[in-house]
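Here is target-v2.tsv, consisting of TSV, C-alpha atoms:
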```tsv
chain	number	residue	atom	x	y	z
A	1	MET	CA	39.00	-11.97	-21.19
A	2	ASN	CA	35.47	-11.72	-19.77
A	3	ARG	CA	33.80	-8.36	-20.35
A	4	VAL	CA	31.42	-6.85	-17.77
A	5	PRO	CA	28.13	-5.69	-19.35
A	6	ALA	CA	27.85	-1.92	-19.65
A	7	LEU	CA	24.38	-1.89	-18.04
A	8	PHE	CA	25.81	-3.65	-14.98
A	9	LEU	CA	28.56	-1.04	-14.68
A	10	LEU	CA	26.05	1.80	-14.97
A	11	ALA	CA	23.80	0.26	-12.31
A	12	ALA	CA	26.72	-0.35	-9.94
A	13	SER	CA	28.00	3.18	-10.46
A	14	ALA	CA	24.56	4.64	-9.72
A	15	ALA	CA	24.24	2.55	-6.55
A	16	MET	CA	27.66	3.67	-5.31
A	17	ARG	CA	26.78	7.31	-5.98
A	18	THR	CA	23.53	6.91	-4.00
A	19	LEU	CA	25.31	5.39	-1.00
A	20	ALA	CA	28.08	7.96	-1.15
A	21	ALA	CA	25.54	10.78	-1.29
A	22	GLU	CA	23.75	9.41	1.75
A	23	GLU	CA	26.94	9.13	3.77
A	24	THR	CA	28.22	12.59	2.79
A	25	ALA	CA	24.89	14.47	2.93
A	26	PRO	CA	24.61	17.39	5.35
A	27	ALA	CA	24.29	16.11	8.91
A	28	ALA	CA	20.66	15.65	9.97
A	29	GLU	CA	18.94	13.50	12.53
A	30	ARG	CA	19.03	9.89	11.41
A	31	PHE	CA	18.66	6.35	12.74
A	32	ARG	CA	22.13	4.82	12.71
A	33	PRO	CA	23.15	1.24	13.60
A	34	GLN	CA	24.40	0.59	17.13
A	35	PHE	CA	24.43	-3.17	16.60
A	36	GLU	CA	24.40	-5.16	13.36
A	37	PHE	CA	24.59	-8.95	13.27
A	38	ASP	CA	26.95	-9.95	10.48
A	39	GLN	CA	28.25	-13.43	11.17
A	40	HIS	CA	29.08	-15.76	8.29
A	41	ASP	CA	26.54	-18.58	7.89
A	42	GLU	CA	24.57	-17.42	10.94
A	43	ALA	CA	21.33	-15.52	11.43
A	44	LEU	CA	19.77	-13.61	14.33
A	45	GLN	CA	15.99	-13.39	14.62
A	46	LEU	CA	14.70	-10.90	17.21
A	47	ALA	CA	11.30	-11.49	18.81
A	48	ASP	CA	11.12	-8.56	21.26
A	49	PHE	CA	13.11	-5.54	22.36
A	50	GLN	CA	13.07	-2.92	25.12
A	51	PHE	CA	15.29	-0.11	26.32
A	52	VAL	CA	14.71	0.30	30.04
A	53	SER	CA	16.81	3.43	30.53
A	54	ALA	CA	19.28	5.50	28.56
A	55	GLN	CA	21.95	2.92	29.42
A	56	ARG	CA	20.25	-0.48	29.62
A	57	GLY	CA	18.60	-2.31	26.75
A	58	ILE	CA	17.66	-5.91	25.95
A	59	ALA	CA	16.60	-7.85	22.86
A	60	VAL	CA	15.50	-11.50	22.86
A	61	GLY	CA	15.34	-13.97	20.01
A	62	TYR	CA	17.16	-16.82	18.29
A	63	ARG	CA	20.64	-17.31	16.94
A	64	ALA	CA	20.81	-19.97	14.24
A	65	SER	CA	23.12	-21.49	11.66
A	66	ALA	CA	23.10	-24.37	9.21
A	67	ARG	CA	25.30	-26.37	11.59
A	68	ARG	CA	23.09	-26.31	14.72
A	69	ASN	CA	19.55	-25.82	15.93
A	70	PRO	CA	18.34	-22.31	16.77
A	71	GLU	CA	19.61	-21.17	20.17
A	72	PRO	CA	17.50	-18.81	22.34
A	73	VAL	CA	19.58	-15.77	23.25
A	74	SER	CA	19.35	-12.29	24.70
A	75	LEU	CA	21.40	-9.31	23.61
A	76	LEU	CA	22.27	-6.89	26.42
A	77	THR	CA	23.83	-3.45	26.69
A	78	ALA	CA	24.61	-1.54	29.87
A	79	ASP	CA	26.37	1.45	28.28
A	80	GLY	CA	23.77	2.97	25.99
A	81	GLY	CA	24.46	0.68	23.04
A	82	LYS	CA	28.24	1.11	22.81
A	83	THR	CA	28.77	-2.58	23.53
A	84	TRP	CA	26.42	-5.57	23.33
A	85	ASN	CA	26.76	-9.03	24.86
A	86	PHE	CA	25.02	-12.29	23.98
A	87	LEU	CA	23.65	-14.47	26.78
A	88	LYS	CA	21.88	-17.80	26.45
A	89	LEU	CA	18.22	-17.84	27.48
A	90	PRO	CA	16.55	-20.71	29.38
A	91	THR	CA	13.58	-20.89	26.97
A	92	ASN	CA	12.49	-20.05	23.45
A	93	PRO	CA	11.30	-16.45	23.92
A	94	TYR	CA	7.99	-14.86	23.00
A	95	SER	CA	8.43	-11.49	24.71
A	96	VAL	CA	10.21	-9.53	27.43
A	97	PHE	CA	8.98	-6.81	29.81
A	98	PHE	CA	11.06	-4.69	32.20
A	99	LEU	CA	9.64	-2.55	34.98
A	100	ASP	CA	12.95	-0.81	35.76
A	101	GLU	CA	16.67	-1.31	35.18
A	102	THR	CA	16.88	-4.54	37.17
A	103	VAL	CA	13.44	-6.21	37.45
A	104	GLY	CA	12.03	-7.87	34.34
A	105	TRP	CA	10.01	-10.82	33.05
A	106	LEU	CA	10.65	-13.16	30.14
A	107	VAL	CA	7.80	-15.14	28.57
A	108	GLY	CA	8.58	-18.18	26.46
A	109	GLU	CA	7.75	-21.79	25.73
A	110	GLY	CA	8.94	-22.78	29.19
A	111	GLY	CA	6.69	-20.32	31.02
A	112	VAL	CA	7.24	-17.02	32.84
A	113	TYR	CA	10.72	-16.16	34.13
A	114	ARG	CA	11.91	-13.24	36.26
A	115	THR	CA	15.22	-11.46	36.62
A	116	ASP	CA	16.37	-9.17	39.41
A	117	GLU	CA	19.78	-8.76	37.77
A	118	ALA	CA	18.95	-6.77	34.63
A	119	GLY	CA	18.62	-9.90	32.48
A	120	ARG	CA	21.95	-11.50	33.41
A	121	SER	CA	20.12	-14.49	34.93
A	122	TRP	CA	16.55	-15.78	34.91
A	123	LYS	CA	14.47	-17.84	37.36
A	124	ARG	CA	11.35	-19.66	36.22
A	125	LEU	CA	8.31	-18.70	38.28
A	126	SER	CA	5.35	-20.44	36.68
A	127	LYS	CA	3.92	-21.86	33.48
A	128	PRO	CA	0.47	-20.35	32.86
A	129	ARG	CA	-1.19	-21.83	29.79
A	130	ASN	CA	-1.32	-19.80	26.57
A	131	VAL	CA	0.38	-16.68	28.00
A	132	GLN	CA	2.67	-14.97	25.49
A	133	ARG	CA	3.11	-11.47	26.95
A	134	VAL	CA	2.95	-9.78	30.36
A	135	LEU	CA	2.39	-6.26	31.68
A	136	PHE	CA	3.40	-5.36	35.24
A	137	VAL	CA	2.62	-2.10	37.02
A	138	SER	CA	4.64	-2.95	40.17
A	139	PRO	CA	7.06	-5.73	41.20
A	140	ASP	CA	4.04	-7.73	42.41
A	141	ARG	CA	0.97	-6.81	40.33
A	142	GLY	CA	0.70	-7.72	36.68
A	143	TRP	CA	-1.26	-9.44	33.92
A	144	GLY	CA	-0.48	-12.11	31.36
A	145	TYR	CA	-2.31	-12.57	28.09
A	146	GLY	CA	-2.16	-14.57	24.88
A	147	THR	CA	-3.91	-17.23	22.83
A	148	ASP	CA	-7.21	-19.02	23.49
A	149	LYS	CA	-8.74	-15.81	24.87
A	150	THR	CA	-6.40	-15.99	27.87
A	151	VAL	CA	-6.01	-13.16	30.41
A	152	VAL	CA	-4.64	-13.90	33.89
A	153	GLN	CA	-3.49	-11.69	36.76
A	154	SER	CA	-0.85	-12.04	39.45
A	155	SER	CA	-0.38	-10.31	42.80
A	156	ASP	CA	2.91	-12.01	43.69
A	157	GLY	CA	5.20	-11.04	40.82
A	158	GLY	CA	4.20	-13.88	38.50
A	159	GLN	CA	4.54	-16.90	40.80
A	160	THR	CA	0.80	-17.62	40.73
A	161	TRP	CA	-1.96	-16.50	38.36
A	162	LYS	CA	-5.75	-16.22	38.49
A	163	PRO	CA	-7.97	-15.97	35.41
A	164	VAL	CA	-9.70	-12.68	34.59
A	165	GLU	CA	-13.24	-13.99	34.20
A	166	ALA	CA	-14.38	-11.05	32.06
A	167	ALA	CA	-12.17	-12.34	29.22
A	168	GLY	CA	-14.23	-15.52	28.98
A	169	GLN	CA	-17.45	-13.50	28.79
A	170	LEU	CA	-16.45	-11.96	25.47
A	171	PRO	CA	-17.87	-13.53	22.28
A	172	GLY	CA	-15.79	-15.74	20.00
A	173	LYS	CA	-14.46	-19.26	20.30
A	174	PRO	CA	-11.25	-19.48	22.37
A	175	GLU	CA	-9.40	-21.38	19.63
A	176	HIS	CA	-9.96	-18.43	17.26
A	177	SER	CA	-9.27	-15.66	19.80
A	178	ALA	CA	-6.15	-14.05	21.26
A	179	PHE	CA	-5.16	-10.97	23.23
A	180	LEU	CA	-2.31	-9.15	21.52
A	181	SER	CA	-1.42	-5.96	23.40
A	182	ALA	CA	-1.84	-4.21	26.76
A	183	ALA	CA	-1.09	-0.74	28.10
A	184	SER	CA	-1.36	1.05	31.44
A	185	VAL	CA	-2.08	4.74	31.97
A	186	ASP	CA	-1.25	4.35	35.67
A	187	PRO	CA	-1.25	1.36	38.07
A	188	SER	CA	-5.06	1.47	38.33
A	189	LYS	CA	-5.97	1.96	34.64
A	190	VAL	CA	-5.13	-0.93	32.29
A	191	LEU	CA	-6.45	-1.76	28.82
A	192	ILE	CA	-5.99	-5.13	27.07
A	193	ALA	CA	-6.87	-5.61	23.38
A	194	GLY	CA	-7.31	-8.69	21.24
A	195	ALA	CA	-9.31	-10.23	18.43
A	196	SER	CA	-11.47	-13.16	17.45
A	197	ARG	CA	-11.11	-14.21	13.81
A	198	PRO	CA	-12.59	-17.53	12.68
A	199	PRO	CA	-10.78	-18.95	9.63
A	200	ARG	CA	-12.33	-18.22	6.27
A	201	ALA	CA	-10.65	-20.40	3.65
A	202	PRO	CA	-10.82	-19.36	0.00
A	203	GLU	CA	-13.24	-21.19	-2.19
A	204	ARG	CA	-11.92	-24.70	-2.81
A	205	ARG	CA	-11.25	-25.57	-6.41
A	206	ARG	CA	-11.63	-29.17	-7.54
A	207	GLY	CA	-11.38	-30.36	-3.96
A	208	ARG	CA	-7.82	-29.16	-3.34
A	209	PRO	CA	-6.92	-27.61	0.05
A	210	PRO	CA	-6.60	-23.79	0.26
A	211	ASP	CA	-3.23	-22.27	-0.53
A	212	PRO	CA	-1.87	-19.88	2.18
A	213	GLU	CA	-0.65	-17.32	-0.36
A	214	GLU	CA	-3.99	-17.48	-2.16
A	215	GLU	CA	-5.74	-16.80	1.16
A	216	MET	CA	-3.56	-13.73	1.81
A	217	MET	CA	-4.60	-12.31	-1.55
A	218	MET	CA	-8.26	-12.42	-0.55
A	219	PRO	CA	-9.89	-9.12	0.51
A	220	GLU	CA	-9.67	-8.25	4.20
A	221	TRP	CA	-12.87	-9.01	6.12
A	222	PRO	CA	-14.04	-7.62	9.48
A	223	GLY	CA	-13.57	-9.57	12.68
A	224	LEU	CA	-14.35	-9.07	16.34
A	225	SER	CA	-11.93	-6.87	18.28
A	226	LEU	CA	-11.96	-7.69	22.00
A	227	PHE	CA	-11.30	-5.17	24.79
A	228	LEU	CA	-10.90	-5.39	28.56
A	229	GLN	CA	-10.50	-2.32	30.75
A	230	THR	CA	-10.00	-1.82	34.49
A	231	THR	CA	-9.88	1.46	36.39
A	232	ASP	CA	-9.34	-0.06	39.84
A	233	GLY	CA	-6.16	-2.08	39.38
A	234	GLY	CA	-7.91	-5.27	38.28
A	235	ALA	CA	-10.58	-5.54	40.99
A	236	SER	CA	-13.26	-5.21	38.29
A	237	TRP	CA	-13.27	-5.21	34.50
A	238	LYS	CA	-15.43	-3.87	31.70
A	239	HIS	CA	-15.48	-5.86	28.47
A	240	GLU	CA	-16.52	-4.98	24.93
A	241	ALA	CA	-16.45	-6.56	21.47
A	242	VAL	CA	-16.51	-4.41	18.32
A	243	SER	CA	-16.57	-5.44	14.66
A	244	LEU	CA	-13.49	-3.95	12.95
A	245	PHE	CA	-11.36	-4.50	9.88
A	246	GLY	CA	-7.85	-5.59	10.87
A	247	LEU	CA	-6.20	-6.54	14.15
A	248	VAL	CA	-5.47	-4.13	17.00
A	249	GLN	CA	-1.78	-5.05	17.13
A	250	ARG	CA	-0.45	-2.38	19.53
A	251	ILE	CA	-1.96	0.04	22.04
A	252	ARG	CA	0.17	2.69	23.71
A	253	TYR	CA	-0.77	5.37	26.29
A	254	ASN	CA	1.08	8.05	28.18
A	255	ALA	CA	0.42	9.14	31.77
A	256	LYS	CA	-2.10	11.78	30.62
A	257	GLY	CA	-4.34	9.17	29.01
A	258	GLU	CA	-3.37	10.10	25.46
A	259	GLY	CA	-3.32	6.97	23.34
A	260	VAL	CA	-2.47	5.58	19.94
A	261	TRP	CA	-3.63	2.27	18.45
A	262	LEU	CA	-2.10	0.31	15.59
A	263	LEU	CA	-4.37	-1.78	13.35
A	264	ARG	CA	-2.75	-4.17	10.88
A	265	PHE	CA	-4.50	-5.82	7.93
A	266	LEU	CA	-3.55	-9.40	7.22
A	267	ARG	CA	-4.98	-9.62	3.70
A	268	ARG	CA	-5.59	-7.36	0.73
A	269	PHE	CA	-6.80	-3.93	1.83
A	270	SER	CA	-6.50	-0.30	0.74
A	271	VAL	CA	-3.61	0.19	3.22
A	272	PRO	CA	-1.46	-2.36	5.08
A	273	SER	CA	-1.96	-0.65	8.45
A	274	GLU	CA	-3.84	2.19	10.12
A	275	VAL	CA	-2.96	4.28	13.18
A	276	VAL	CA	-5.75	5.71	15.33
A	277	ARG	CA	-5.45	8.41	17.99
A	278	LEU	CA	-7.73	7.36	20.87
A	279	ASP	CA	-7.43	9.27	24.13
A	280	LEU	CA	-9.27	7.93	27.17
A	281	GLY	CA	-12.86	9.12	27.20
A	282	LYS	CA	-12.71	10.56	23.67
A	283	LYS	CA	-13.75	9.45	20.21
A	284	GLY	CA	-11.05	7.89	18.05
A	285	GLU	CA	-9.56	9.57	14.98
A	286	SER	CA	-7.56	7.97	12.17
A	287	ILE	CA	-4.23	9.78	11.90
A	288	PHE	CA	-2.20	7.60	9.51
A	289	GLY	CA	-2.79	5.12	6.73
A	290	GLN	CA	-0.50	4.97	3.71
A	291	LYS	CA	-0.38	2.32	0.99
A	292	ASP	CA	3.43	2.14	0.83
A	293	ARG	CA	4.09	2.11	4.60
A	294	ALA	CA	3.40	-1.02	6.68
A	295	ILE	CA	3.58	0.12	10.30
A	296	THR	CA	4.54	-2.58	12.81
A	297	ASP	CA	5.00	-0.61	16.07
A	298	VAL	CA	4.00	2.72	17.62
A	299	ALA	CA	5.12	4.83	20.58
A	300	MET	CA	3.23	7.57	22.43
A	301	MET	CA	5.39	10.29	23.96
A	302	ALA	CA	4.70	12.19	27.18
A	303	ASP	CA	3.94	15.38	25.21
A	304	GLY	CA	1.38	13.62	22.98
A	305	SER	CA	3.57	13.27	19.90
A	306	THR	CA	3.84	9.86	18.23
A	307	TYR	CA	6.49	7.69	16.56
A	308	LEU	CA	5.64	5.05	13.94
A	309	ALA	CA	8.03	2.33	12.76
A	310	GLY	CA	7.61	-0.14	9.91
A	311	TYR	CA	8.77	-0.93	6.42
A	312	GLN	CA	8.01	-0.28	2.78
A	313	PRO	CA	6.19	-3.34	1.38
A	314	SER	CA	7.23	-4.64	-2.00
A	315	GLY	CA	3.73	-5.64	-3.17
A	316	SER	CA	0.04	-5.13	-2.61
A	317	VAL	CA	-0.06	-7.50	0.39
A	318	ALA	CA	2.28	-6.46	3.22
A	319	SER	CA	2.00	-9.82	5.03
A	320	LEU	CA	3.92	-11.64	2.30
A	321	PRO	CA	7.36	-12.80	3.59
A	322	VAL	CA	9.39	-10.16	1.77
A	323	PRO	CA	11.42	-7.60	3.79
A	324	GLY	CA	11.36	-3.93	2.88
A	325	LYS	CA	13.30	-0.79	3.68
A	326	VAL	CA	12.76	0.38	7.27
A	327	LYS	CA	10.71	3.55	7.67
A	328	VAL	CA	10.17	5.73	10.78
A	329	LEU	CA	7.79	8.67	11.04
A	330	ARG	CA	6.98	11.25	13.72
A	331	ASN	CA	4.23	13.80	14.30
A	332	THR	CA	3.63	16.51	16.89
A	333	ALA	CA	0.83	16.72	19.43
A	334	GLY	CA	-0.61	19.81	17.76
A	335	SER	CA	-0.60	18.31	14.24
A	336	PRO	CA	-1.38	14.59	14.63
A	337	LYS	CA	-1.98	14.02	10.88
A	338	ILE	CA	1.20	15.74	9.67
A	339	TRP	CA	4.11	13.31	9.58
A	340	LYS	CA	7.83	13.79	9.13
A	341	GLU	CA	9.80	10.81	7.84
A	342	ILE	CA	13.13	10.37	9.66
A	343	PRO	CA	16.04	8.97	7.59
A	344	VAL	CA	17.14	5.44	8.45
A	345	HIS	CA	20.45	3.78	7.57
A	346	TYR	CA	20.29	2.33	4.06
A	347	ARG	CA	21.10	-1.25	5.15
A	348	ALA	CA	18.10	-1.47	7.48
A	349	VAL	CA	15.48	-3.80	5.98
A	350	ALA	CA	12.86	-5.82	7.85
A	351	ARG	CA	9.40	-7.31	8.00
A	352	GLN	CA	8.98	-6.34	11.65
A	353	VAL	CA	10.36	-3.21	13.30
A	354	LEU	CA	10.14	-2.70	17.07
A	355	LEU	CA	10.19	0.71	18.79
A	356	SER	CA	11.47	1.60	22.26
A	357	VAL	CA	11.40	5.18	23.53
A	358	VAL	CA	12.85	5.98	26.95
A	359	GLU	CA	13.15	9.76	26.73
A	360	PRO	CA	12.70	12.31	23.91
A	361	ASP	CA	16.40	11.95	23.05
A	362	GLN	CA	16.50	8.15	23.53
A	363	VAL	CA	14.60	6.62	20.61
A	364	TRP	CA	15.56	3.12	19.44
A	365	ILE	CA	14.37	0.66	16.81
A	366	ALA	CA	15.20	-3.01	16.27
A	367	THR	CA	14.60	-5.10	13.16
A	368	ASP	CA	13.49	-8.72	13.21
A	369	ASN	CA	16.71	-9.72	11.37
A	370	GLY	CA	19.09	-8.42	14.02
A	371	MET	CA	19.87	-4.72	13.57
A	372	ILE	CA	19.48	-2.20	16.41
A	373	LEU	CA	19.52	1.51	15.57
A	374	LYS	CA	19.35	4.74	17.58
A	375	LEU	CA	18.04	8.14	16.56
A	376	GLN	CA	21.01	10.50	16.54
A	377	PRO	CA	20.50	14.26	16.30
A	378	ALA	CA	22.37	16.33	13.75
A	379	ALA	CA	24.80	17.70	16.31
A	380	SER	CA	26.08	14.22	17.24
A	381	GLN	CA	27.01	13.08	13.70
```
This entry written out as structure tokens:
Amino acid sequence: MNRVPALFLLAASAAMRTLAAEETAPAAERFRPQFEFDQHDEALQLADFQFVSAQRGIAVGYRASARRNPEPVSLLTADGGKTWNFLKLPTNPYSVFFLDETVGWLVGEGGVYRTDEAGRSWKRLSKPRNVQRVLFVSPDRGWGYGTDKTVVQSSDGGQTWKPVEAAGQLPGKPEHSAFLSAASVDPSKVLIAGASRPPRAPERRRGRPPDPEEEMMMPEWPGLSLFLQTTDGGASWKHEAVSLFGLVQRIRYNAKGEGVWLLRFLRRFSVPSEVVRLDLGKKGESIFGQKDRAITDVAMMADGSTYLAGYQPSGSVASLPVPGKVKVLRNTAGSPKIWKEIPVHYRAVARQVLLSVVEPDQVWIATDNGMILKLQPAASQ
């Protein structure tokens, strides 16, 4: 008869006690799963995610298995996350953007697509080069941005695009430059952020090519951060380049012009990410940077409070391909540097966590490996 090692039994018993304690702890607000992909021999990889209202949400990504090639899919809910339905997408997706419950745009390898049916069907409009994300402020007016220092604008809902010439006036070679995030304060005020980072390979040893993991272990170095801003709906643009450590990965603003920026560090640095409070017309202030929290998305609320979502890295370099336990934090407008960590379901692990906030009581997160969770107050548990 095989005998189970005593240390294994002790470890298993401790793990079961931890999980039991979490599930039976006094009810408190917590992120709990509303969708969890758990299909045998299959995987779901989410690329983007947005809740448009309290009832309607969409995630886009890939569904894959060992038996077939990855299939581009969307995951839709129309009842606040009670039920979710898979639909096949017409292209491999990069991102999705919805203006309201019915009108949205999908950006993928095949170009820019639009839906007027809440994501149930898509029609291809155009194929602008290098565009990976879009931001629309009305059904007609919007901007696309992406690699090779590309920024384009549309006045017909995405059917045709014109280049924003100010983007080309910024320094940095196009092949080393990309725009990564955009935000609007109102239809006239739009900010687009990106970066230019020429490659810097580690010192070659005995003529061998650089190793990617070795490069990630190098110290972080500063690069050019690129910014475009319009205050007249795109009629004119101001441009600026600033030397910064890290990439400006996300920018978020509310209607009052209160903003929060997320900087992520790709190589070895004192912290894996930094969050900066930067209201329009004011000097920026660092409000979060913690060695054991790699923040991957941020949300700015109407009252000026902020949500952060990310994971706990397992080593000194957060960009290594190792998932960690999902972490979510929140501050208040009056105390921007004081953070409360909100409990998240114990099975939630990720390398990328996406945030979507519709209303103060409608806060959602999605992990890159296919789990969608909602913040539930103590009274609802």
Check your understanding: Which polymer residues have any atom within 8 Å of an atom of Gly246 (chain A), counting only C-alpha atoms, with same-chain residues fewer than 4 positions away left out, as a PyMOL selection string?
Key -> chain A and resi 220-223+263-266
Point to revise | Closest of A:Gly194, A:Pro313, A:Gly57, A:Gly257 to Lys82 (chain A) - atom-to-atom distances counting all atoms listed in the file | key: A:Gly57
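Between Gln229 (chain A) and the candidates A:Val164, A:Ser155, A:Lys173, A:Leu247, the tightest atom-to-atom separation, counting all atoms listed in the file, involves A:Val164.
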Review point. So which one's closest to Leu125 (chain A), A:Asp156, A:Glu341, A:Asp186, A:Asp79? Using all atoms listed in the file, please.
Key: A:Asp156
Practice item. Write out as a ChimeraX atom specification which residues come within 10 Å of Glu71 (chain A) when counting only C-alpha atoms, dropping same-chain ones fewer than 5 positions away. Key: /A:44,61-65,88-92
**Study point:** Shell around Met301 (chain A) at 8 Å using all atoms listed in the file, local window under 5 positions removed, as a PyMOL selection string
**Key:** chain A and resi 254+306-307+357+360
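When all atoms listed in the file are used to compute distances to Gly304 (chain A), the closest of the residues A:Lys340, A:Ala255, A:Ala182, A:Leu262 turns out to be A:Ala255.
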**Study point:** Distance in Å - CA of Glu240 (chain A) versus CA of Lys149 (chain A)
**Key:** 13.3 Å
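Comparing the minimum interatomic distances between Leu373 (chain A) and each of A:Val185, A:Leu226, A:Leu180, A:Leu354, counting all atoms listed in the file, we find that A:Leu354 sits nearest.
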Review point. With only C-alpha atoms as the atoms that count, which of A:Leu135, A:Leu280, A:Ala309, A:Val52 lies nearest to Gly158 (chain A)?
Key: A:Leu135
Exercise for review: With a distance cut-off of 8 Å and only C-alpha atoms, select the neighbouring residues of Val151 (chain A), excluding the residue or stretch itself and same-chain residues fewer than 3 positions from it, and output the selection as a ChimeraX atom specification.
Suggested key: /A:131,143-146,163-164,167,179
Counting all atoms listed in the file, which residues have an atom no more than 7 Å from (18.6, -10.8, 10.8) in the file's coordinates? Please list them as a compact mmCIF listing (two decimals) with C-alpha atoms, in the coordinates of the input.
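Below is the file that was written, selection-v1.txt:
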```
# COMPACT_ATOMS: atom_id res chain seq x y z
CA PHE A 37 24.59 -8.95 13.27
CA ALA A 43 21.33 -15.52 11.43
CA LEU A 44 19.77 -13.61 14.33
CA GLN A 45 15.99 -13.39 14.62
CA ASP A 368 13.49 -8.72 13.21
CA ASN A 369 16.71 -9.72 11.37
CA GLY A 370 19.09 -8.42 14.02
CA MET A 371 19.87 -4.72 13.57
```
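For the atom pair formed by CA of Ser177 (chain A) and CA of Leu191 (chain A), the distance is 16.8 Å, given to one decimal.
Pairwise distance (CA of Pro93 (chain A), CA of Gly110 (chain A)) equals 8.6 Å.
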Point to revise | Contact residues around Lys238 (chain A) with only C-alpha atoms at 8 Å, ignoring same-chain residues under 5 positions, as a ChimeraX atom specification | key: /A:166,228-230
